[in-house]
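Data block below; observations after.
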Protein chains: 2
Amino acid sequence: MAEPHEVPPGRSGEDGDWAAGLARVVGDRWSILAIRAIFRGIRRFDDLQADLGISRGVLTDRLRRLMDAGVVERVPYQENPVRYDYRLTPKGLELSPMIVALLRWGSKWVGGTQHGPVLVHKQCGTELEQGFWCRTCRTTFGPLGVGARHE
Amino acid sequence: MAEPHEVPPGRSGEDGDWAAGLARVVGDRWSILAIRAIFRGIRRFDDLQADLGISRGVLTDRLRRLMDAGVVERVPYQENPVRYDYRLTPKGLELSPMIVALLRWGSKWVGGTQHGPVLVHKQCGTELEQGFWCRTCRTTFGPLGVGARHE
DNA sequence: CGAGTAAGTCTGATTTTAGAACTCACTCCC
DNA sequence: GGGAGTGAGTTCTAAAATCAGACTTACTCG
């Protein structure tokens, strides 16, 4: 196994706030799972609770945090009493590469041979590939081609 | 904001083990951060501890879990007393699309204007793009082009 | 010998989490 | 109009995870 890219030391310094921000979103067992569920089209509190098998209190808290983080939003679909749909904001939707990467990794490495939905290109049904792309070289490449630069 | 793809209901069913497997890796505040640190080339216990600002006990535990999960491995770099380097296994290295996605998302949405290392194509230094690729259509596409199929 | 280094372990105090039951504000059906 | 049902929470207690920091072990170096 080759070296991953060497990032010039780049002390994590005031990386703390960044990490804290991310922690809101990926820092616990449920948040990503919740995002994934919403991403899959599950939109209501009770459905989320049932699908995830999470306790109601924790779900309430997680959704609130995700809303605070601007990743999820809640839109009323009826008044009297008010009932909500949870959806991803643009910011949340942009997490999809991460979720997709996770899903693909999970289906490759976790949980036996058979598994889960295969992600495909909607237009043609071909299983999608995910990779890095360089617009200068007009080429795709894998993890080992990744480097870093400080700005 | 458009609908994300609708995955045919696809009950999460015995999704539990899958989730449990993933939870080992992304299910807490520290694991991804630790993987990212190792990915960046930080290899030793004390360095990881200092870089992450994590308590030693938790780091011990997280590294052990990641090793159990087969994502990280420990290779002695000296005997007497034995001292270790932590590294990503192939399985761990394949998490990089996920980490990269997260990093990119983080630098776009979290923590102000200025931020962090920019990820680039090592060969030419161009900032990389990450996307989905369809080998049939020979085209790249974004989150909204993603669908799902059950096998 | 004394100081330093690396990789942990141990400890008690704090913080989170989980789970189940309960509340509130309605609607639907006979 | 009374009972059952639904959706979205809140409240409670117990159990688990986290923290910072001191301590341990096994060396090496000057």
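In the structure tokens, chains take the letters A, B, ... in the order shown, each chain's residues start at 1, and ligands count up from 1 in the order shown.
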
Assign secondary structure with DSSP using the backbone only, and return the residues of chain A in strand (DSSP E or B) as a PDB file with C-alpha atoms, in the first residue's frame.
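Contents of states-v4.pdb, as written:
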```
ATOM      1  CA  ASP A  28     -22.504  10.852  15.856  1.00  0.00           C
ATOM      2  CA  VAL A  72     -32.029  20.106   7.003  1.00  0.00           C
ATOM      3  CA  GLU A  73     -35.125  22.238   6.914  1.00  0.00           C
ATOM      4  CA  ARG A  74     -38.656  21.663   8.045  1.00  0.00           C
ATOM      5  CA  VAL A  75     -41.621  22.715   5.981  1.00  0.00           C
ATOM      6  CA  PRO A  76     -45.181  22.482   7.250  1.00  0.00           C
ATOM      7  CA  TYR A  77     -47.393  20.393   5.041  1.00  0.00           C
ATOM      8  CA  GLN A  78     -50.514  21.174   7.024  1.00  0.00           C
ATOM      9  CA  ARG A  83     -47.142  18.858  10.698  1.00  0.00           C
ATOM     10  CA  TYR A  84     -43.814  18.937   8.995  1.00  0.00           C
ATOM     11  CA  ASP A  85     -41.794  17.491   6.214  1.00  0.00           C
ATOM     12  CA  TYR A  86     -38.079  17.364   6.748  1.00  0.00           C
ATOM     13  CA  ARG A  87     -35.944  17.993   3.710  1.00  0.00           C
ATOM     14  CA  LEU A  88     -32.389  18.649   2.812  1.00  0.00           C
ATOM     15  CA  PRO A 117     -29.418  -0.781  -3.458  1.00  0.00           C
ATOM     16  CA  VAL A 118     -26.840  -0.236  -6.130  1.00  0.00           C
ATOM     17  CA  LEU A 119     -26.434   3.367  -7.112  1.00  0.00           C
ATOM     18  CA  VAL A 120     -26.860   4.060 -10.765  1.00  0.00           C
ATOM     19  CA  HIS A 121     -26.912   6.791 -13.334  1.00  0.00           C
ATOM     20  CA  GLU A 127     -23.870   1.530 -12.011  1.00  0.00           C
ATOM     21  CA  GLU A 129     -18.514   5.268 -10.502  1.00  0.00           C
ATOM     22  CA  GLN A 130     -17.222   7.915  -8.248  1.00  0.00           C
ATOM     23  CA  GLY A 131     -13.845   9.434  -8.639  1.00  0.00           C
ATOM     24  CA  PHE A 132     -11.735  12.493  -8.813  1.00  0.00           C
ATOM     25  CA  TRP A 133     -11.493  14.464 -11.949  1.00  0.00           C
ATOM     26  CA  CYS A 134      -8.838  16.855 -13.179  1.00  0.00           C
ATOM     27  CA  THR A 139      -8.540  12.542 -16.572  1.00  0.00           C
ATOM     28  CA  THR A 140     -10.008  10.673 -13.648  1.00  0.00           C
ATOM     29  CA  PHE A 141      -7.871   9.364 -10.862  1.00  0.00           C
ATOM     30  CA  VAL A 146      -4.709  13.343  -4.510  1.00  0.00           C
ATOM     31  CA  GLY A 147      -2.382  15.994  -3.132  1.00  0.00           C
ATOM     32  CA  ALA A 148      -2.930  19.127  -1.129  1.00  0.00           C
ATOM     33  CA  ARG A 149      -1.957  22.745  -1.322  1.00  0.00           C
ATOM     34  CA  HIS A 150      -2.344  25.486   1.245  1.00  0.00           C
TER      35      HIS A 150
END
```

Contacts of DT9 of chain C within 10 Å, only C-alpha atoms (C1' of nucleotides), excl. fewer than 5 positions in-chain, as an MDAnalysis selection string: (chainID B and resid 56:57 60) or (chainID D and resid 23:24)

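For DT17 of chain C, the list of residues within 9 Å, based on only C-alpha atoms (C1' of nucleotides) and with local chain neighbours fewer than 6 positions off taken out, reads Val58 of chain A; DA15, DA16 and DA17 of chain D.
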
Keeping C-alpha atoms (C1' of nucleotides) for every residue in the selection just given, could you write it to a file as a compact mmCIF listing (two decimals), in the first residue's frame?
```txt
# COMPACT_ATOMS: atom_id res chain seq x y z
CA VAL A 58 -32.64 11.64 20.18
C1' DA D 15 -26.83 3.17 31.37
C1' DA D 16 -22.91 4.29 28.53
C1' DA D 17 -19.39 7.29 26.63
```

Pick out the chain C residues within 12 Å of chain B. Count only C-alpha atoms (C1' of nucleotides). Give them as an mmCIF file with N, CA and C atoms (P, O5', C5', C4', C3', O3' and C1' of nucleotides), in the first residue's frame.
```cif
data_model
loop_
_atom_site.group_PDB
_atom_site.id
_atom_site.type_symbol
_atom_site.label_atom_id
_atom_site.label_comp_id
_atom_site.auth_asym_id
_atom_site.auth_seq_id
_atom_site.Cartn_x
_atom_site.Cartn_y
_atom_site.Cartn_z
ATOM 1 P P DT C 5 11.512 14.559 25.150
ATOM 2 O "O5'" DT C 5 11.141 13.087 24.689
ATOM 3 C "C5'" DT C 5 12.113 12.275 24.029
ATOM 4 C "C4'" DT C 5 11.452 10.945 23.687
ATOM 5 C "C3'" DT C 5 9.995 11.088 23.246
ATOM 6 O "O3'" DT C 5 9.791 10.174 22.186
ATOM 7 C "C1'" DT C 5 10.132 9.576 25.028
ATOM 8 P P DA C 6 8.807 10.500 20.968
ATOM 9 O "O5'" DA C 6 7.921 9.190 21.007
ATOM 10 C "C5'" DA C 6 8.555 7.928 20.836
ATOM 11 C "C4'" DA C 6 7.642 6.870 21.394
ATOM 12 C "C3'" DA C 6 6.163 7.078 21.059
ATOM 13 O "O3'" DA C 6 5.771 5.939 20.308
ATOM 14 C "C1'" DA C 6 6.480 6.533 23.363
ATOM 15 P P DA C 7 4.326 5.827 19.673
ATOM 16 O "O5'" DA C 7 3.597 5.012 20.828
ATOM 17 C "C5'" DA C 7 3.943 3.647 21.034
ATOM 18 C "C4'" DA C 7 3.152 3.109 22.203
ATOM 19 C "C3'" DA C 7 1.630 3.340 22.093
ATOM 20 O "O3'" DA C 7 0.935 2.167 22.501
ATOM 21 C "C1'" DA C 7 2.427 4.143 24.130
ATOM 22 P P DG C 8 -0.392 1.738 21.784
ATOM 23 O "O5'" DG C 8 -1.649 2.412 22.451
ATOM 24 C "C5'" DG C 8 -1.774 3.012 23.688
ATOM 25 C "C4'" DG C 8 -1.310 2.206 24.875
ATOM 26 C "C3'" DG C 8 -2.419 2.002 25.879
ATOM 27 O "O3'" DG C 8 -2.598 0.649 26.255
ATOM 28 C "C1'" DG C 8 -0.592 3.198 26.844
ATOM 29 P P DT C 9 -4.024 0.303 26.856
ATOM 30 O "O5'" DT C 9 -3.863 0.603 28.429
ATOM 31 C "C5'" DT C 9 -2.927 -0.135 29.196
ATOM 32 C "C4'" DT C 9 -3.062 0.296 30.654
ATOM 33 C "C3'" DT C 9 -4.478 0.177 31.220
ATOM 34 O "O3'" DT C 9 -4.334 -0.345 32.537
ATOM 35 C "C1'" DT C 9 -3.720 2.397 31.464
ATOM 36 P P DC C 10 -5.670 -0.791 33.344
ATOM 37 O "O5'" DC C 10 -5.950 0.453 34.291
ATOM 38 C "C5'" DC C 10 -4.873 0.979 35.091
ATOM 39 C "C4'" DC C 10 -5.375 2.155 35.924
ATOM 40 C "C3'" DC C 10 -6.816 2.040 36.414
ATOM 41 O "O3'" DC C 10 -6.793 2.246 37.812
ATOM 42 C "C1'" DC C 10 -6.462 4.134 35.305
ATOM 43 P P DT C 11 -8.156 2.133 38.662
ATOM 44 O "O5'" DT C 11 -8.616 3.653 38.781
ATOM 45 C "C5'" DT C 11 -7.682 4.649 39.263
ATOM 46 C "C4'" DT C 11 -8.391 5.992 39.338
ATOM 47 C "C3'" DT C 11 -9.883 5.875 39.629
ATOM 48 O "O3'" DT C 11 -10.233 6.641 40.766
ATOM 49 C "C1'" DT C 11 -9.512 7.310 37.762
ATOM 50 P P DT C 16 -22.845 17.427 26.258
ATOM 51 O "O5'" DT C 16 -23.006 16.062 25.473
ATOM 52 C "C5'" DT C 16 -23.006 14.867 26.231
ATOM 53 C "C4'" DT C 16 -23.113 13.667 25.348
ATOM 54 C "C3'" DT C 16 -24.336 13.669 24.438
ATOM 55 O "O3'" DT C 16 -23.986 12.963 23.256
ATOM 56 C "C1'" DT C 16 -24.596 12.043 26.171
#
```

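Using only C-alpha atoms (C1' of nucleotides), the contacts of Val26 of chain A at a cut-off of 9 Å, with sequence neighbours closer than 2 positions omitted, comprise Leu22, Ala23, Arg24, Asp28, Arg29, Trp30, Ser31 and Ile32 of chain A; Val26, Gly27, Asp28, Arg29 and Ile32 of chain B.
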
Export of prior selection with C-alpha atoms as a PDB file, in the first residue's frame:
```pdb
ATOM      1  CA  LEU A  22     -18.446  18.925  10.847  1.00  0.00           C
ATOM      2  CA  ALA A  23     -19.063  17.180  14.110  1.00  0.00           C
ATOM      3  CA  ARG A  24     -22.581  18.584  14.063  1.00  0.00           C
ATOM      4  CA  ASP A  28     -22.504  10.852  15.856  1.00  0.00           C
ATOM      5  CA  ARG A  29     -24.089   7.600  14.932  1.00  0.00           C
ATOM      6  CA  TRP A  30     -27.413   9.056  13.881  1.00  0.00           C
ATOM      7  CA  SER A  31     -26.860  12.242  11.968  1.00  0.00           C
ATOM      8  CA  ILE A  32     -25.515  10.719   8.765  1.00  0.00           C
TER       9      ILE A  32
ATOM     10  CA  VAL B  26     -18.211   7.018  11.086  1.00  0.00           C
ATOM     11  CA  GLY B  27     -20.377   6.638  14.115  1.00  0.00           C
ATOM     12  CA  ASP B  28     -18.647   9.041  16.415  1.00  0.00           C
ATOM     13  CA  ARG B  29     -16.924  12.349  16.534  1.00  0.00           C
ATOM     14  CA  ILE B  32     -13.395  10.022  10.897  1.00  0.00           C
TER      15      ILE B  32
END
```

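A straight line drawn from atom CA of Asn80 of chain A to atom C1' of DG9 of chain D is 14.9 Å long.
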
Interface, chain D side, toward chain B (12 Å; only C-alpha atoms (C1' of nucleotides)) as a list in words: DA17, DT18, DC19, DA20, DG21, DT25, DA26, DC27 and DT28 of chain D

Would you write out those residues with N, CA and C atoms (P, O5', C5', C4', C3', O3' and C1' of nucleotides), as a PDB file, in the first residue's frame?
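Okay, this is what ended up in part-v2.pdb:
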```
ATOM      1  P    DA D  17     -20.619   2.427  25.463  1.00  0.00           P
ATOM      2  O5'  DA D  17     -20.188   3.964  25.408  1.00  0.00           O
ATOM      3  C5'  DA D  17     -21.003   4.880  24.708  1.00  0.00           C
ATOM      4  C4'  DA D  17     -20.420   6.262  24.817  1.00  0.00           C
ATOM      5  C3'  DA D  17     -18.925   6.348  24.504  1.00  0.00           C
ATOM      6  O3'  DA D  17     -18.746   7.443  23.622  1.00  0.00           O
ATOM      7  C1'  DA D  17     -19.385   7.288  26.633  1.00  0.00           C
ATOM      8  P    DT D  18     -17.292   7.924  23.143  1.00  0.00           P
ATOM      9  O5'  DT D  18     -16.917   8.986  24.275  1.00  0.00           O
ATOM     10  C5'  DT D  18     -17.830  10.010  24.567  1.00  0.00           C
ATOM     11  C4'  DT D  18     -17.168  11.196  25.235  1.00  0.00           C
ATOM     12  C3'  DT D  18     -15.665  11.353  25.014  1.00  0.00           C
ATOM     13  O3'  DT D  18     -15.389  12.664  24.493  1.00  0.00           O
ATOM     14  C1'  DT D  18     -16.221  11.278  27.347  1.00  0.00           C
ATOM     15  P    DC D  19     -13.905  13.165  24.262  1.00  0.00           P
ATOM     16  O5'  DC D  19     -13.477  13.777  25.693  1.00  0.00           O
ATOM     17  C5'  DC D  19     -14.180  14.932  26.186  1.00  0.00           C
ATOM     18  C4'  DC D  19     -13.685  15.289  27.562  1.00  0.00           C
ATOM     19  C3'  DC D  19     -12.162  15.397  27.671  1.00  0.00           C
ATOM     20  O3'  DC D  19     -11.775  16.757  27.550  1.00  0.00           O
ATOM     21  C1'  DC D  19     -13.107  14.201  29.531  1.00  0.00           C
ATOM     22  P    DA D  20     -10.232  17.065  27.136  1.00  0.00           P
ATOM     23  O5'  DA D  20      -9.521  17.381  28.528  1.00  0.00           O
ATOM     24  C5'  DA D  20     -10.246  17.950  29.624  1.00  0.00           C
ATOM     25  C4'  DA D  20      -9.432  17.799  30.902  1.00  0.00           C
ATOM     26  C3'  DA D  20      -7.923  17.958  30.701  1.00  0.00           C
ATOM     27  O3'  DA D  20      -7.426  18.784  31.739  1.00  0.00           O
ATOM     28  C1'  DA D  20      -8.408  15.781  31.605  1.00  0.00           C
ATOM     29  P    DG D  21      -5.912  19.253  31.763  1.00  0.00           P
ATOM     30  O5'  DG D  21      -5.248  18.165  32.721  1.00  0.00           O
ATOM     31  C5'  DG D  21      -5.853  17.883  33.980  1.00  0.00           C
ATOM     32  C4'  DG D  21      -5.337  16.572  34.529  1.00  0.00           C
ATOM     33  C3'  DG D  21      -3.799  16.416  34.432  1.00  0.00           C
ATOM     34  O3'  DG D  21      -3.343  15.988  35.703  1.00  0.00           O
ATOM     35  C1'  DG D  21      -4.854  14.479  33.682  1.00  0.00           C
ATOM     36  P    DT D  25       4.469  -0.612  36.448  1.00  0.00           P
ATOM     37  O5'  DT D  25       4.954  -1.137  35.028  1.00  0.00           O
ATOM     38  C5'  DT D  25       4.069  -1.156  33.928  1.00  0.00           C
ATOM     39  C4'  DT D  25       4.874  -1.124  32.639  1.00  0.00           C
ATOM     40  C3'  DT D  25       6.304  -1.663  32.758  1.00  0.00           C
ATOM     41  O3'  DT D  25       6.474  -2.580  31.696  1.00  0.00           O
ATOM     42  C1'  DT D  25       6.315   0.461  31.733  1.00  0.00           C
ATOM     43  P    DA D  26       7.662  -3.687  31.693  1.00  0.00           P
ATOM     44  O5'  DA D  26       8.697  -3.104  30.624  1.00  0.00           O
ATOM     45  C5'  DA D  26       8.288  -2.961  29.271  1.00  0.00           C
ATOM     46  C4'  DA D  26       9.234  -2.027  28.575  1.00  0.00           C
ATOM     47  C3'  DA D  26      10.716  -2.316  28.901  1.00  0.00           C
ATOM     48  O3'  DA D  26      11.415  -2.490  27.672  1.00  0.00           O
ATOM     49  C1'  DA D  26      10.242  -0.024  29.030  1.00  0.00           C
ATOM     50  P    DC D  27      12.762  -3.339  27.559  1.00  0.00           P
ATOM     51  O5'  DC D  27      13.832  -2.341  28.206  1.00  0.00           O
ATOM     52  C5'  DC D  27      14.830  -1.733  27.425  1.00  0.00           C
ATOM     53  C4'  DC D  27      14.280  -0.522  26.657  1.00  0.00           C
ATOM     54  C3'  DC D  27      15.385   0.470  26.319  1.00  0.00           C
ATOM     55  O3'  DC D  27      15.938   0.142  25.050  1.00  0.00           O
ATOM     56  C1'  DC D  27      13.432   1.575  27.176  1.00  0.00           C
ATOM     57  P    DT D  28      17.438   0.499  24.718  1.00  0.00           P
ATOM     58  O5'  DT D  28      17.402   2.093  24.520  1.00  0.00           O
ATOM     59  C5'  DT D  28      16.698   2.663  23.413  1.00  0.00           C
ATOM     60  C4'  DT D  28      16.964   4.170  23.398  1.00  0.00           C
ATOM     61  C3'  DT D  28      18.457   4.495  23.325  1.00  0.00           C
ATOM     62  O3'  DT D  28      18.610   5.644  22.486  1.00  0.00           O
ATOM     63  C1'  DT D  28      17.550   5.432  25.280  1.00  0.00           C
TER      64       DT D  28
END
```

Å distance separating atom C1' of DA20 of chain C from atom CA of Ala69 of chain A, one decimal place: 28.9 Å

Closest of A:Leu103, A:Trp18, A:Arg135, A:Asp68 to Ala37 of chain A - atom-to-atom distances counting only C-alpha atoms: A:Leu103

Exercise: DA21 of chain C partners within 12 Å, only C-alpha atoms (C1' of nucleotides), chain neighbours under 5 positions left out, as a ChimeraX atom specification: /A:56 /D:10-13

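DSSP, applied to the backbone of this structure, assigns alpha helix (DSSP H) to the following residues of segment 67-132 of chain B: Met67, Asp68, Pro90, Lys91, Gly92, Leu93, Ser96, Pro97, Met98, Ile99, Val100, Ala101, Leu102, Leu103, Arg104, Trp105, Gly106, Ser107, Lys108 and Trp109 of chain B.
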
Would you put the residues from that selection into a file with C-alpha atoms, as a short mmCIF file (atom, residue, chain, number, x, y, z; two decimals), in the first residue's frame?
```cif
data_model
loop_
_atom_site.label_atom_id
_atom_site.label_comp_id
_atom_site.auth_asym_id
_atom_site.auth_seq_id
_atom_site.Cartn_x
_atom_site.Cartn_y
_atom_site.Cartn_z
CA MET B 67 -8.23 -1.96 13.75
CA ASP B 68 -11.02 -4.40 14.56
CA PRO B 90 -6.54 -0.89 1.67
CA LYS B 91 -10.02 -0.95 3.11
CA GLY B 92 -9.25 2.24 4.97
CA LEU B 93 -7.64 3.91 2.02
CA SER B 96 -10.77 8.47 0.86
CA PRO B 97 -13.58 9.44 -1.50
CA MET B 98 -15.70 9.84 1.58
CA ILE B 99 -13.09 11.84 3.41
CA VAL B 100 -12.42 13.98 0.41
CA ALA B 101 -16.10 14.62 -0.05
CA LEU B 102 -16.36 15.61 3.56
CA LEU B 103 -13.34 17.86 3.39
CA ARG B 104 -14.65 19.60 0.34
CA TRP B 105 -18.05 20.04 1.85
CA GLY B 106 -16.49 21.32 5.02
CA SER B 107 -14.32 23.83 3.29
CA LYS B 108 -17.24 25.09 1.30
CA TRP B 109 -19.77 25.36 4.07
#
```

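One distance worth recording is that between atom C1' of DT15 of chain C and atom CA of Arg65 of chain A, which is 16.7 Å.
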
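Of the listed residues (B:Arg64, B:Lys122, B:Arg138, B:Arg43), B:Lys122 comes nearest to chain A; the distances count only C-alpha atoms.
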
Among the residues A:Phe39, A:Gly70, A:Leu59, A:Gln49, the one that comes closest to chain B [using only C-alpha atoms]: A:Phe39

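Proximity of B:Val25, B:Gly41, B:Val71, B:Asp47 to chain A, computed with only C-alpha atoms, is greatest for B:Gly41.
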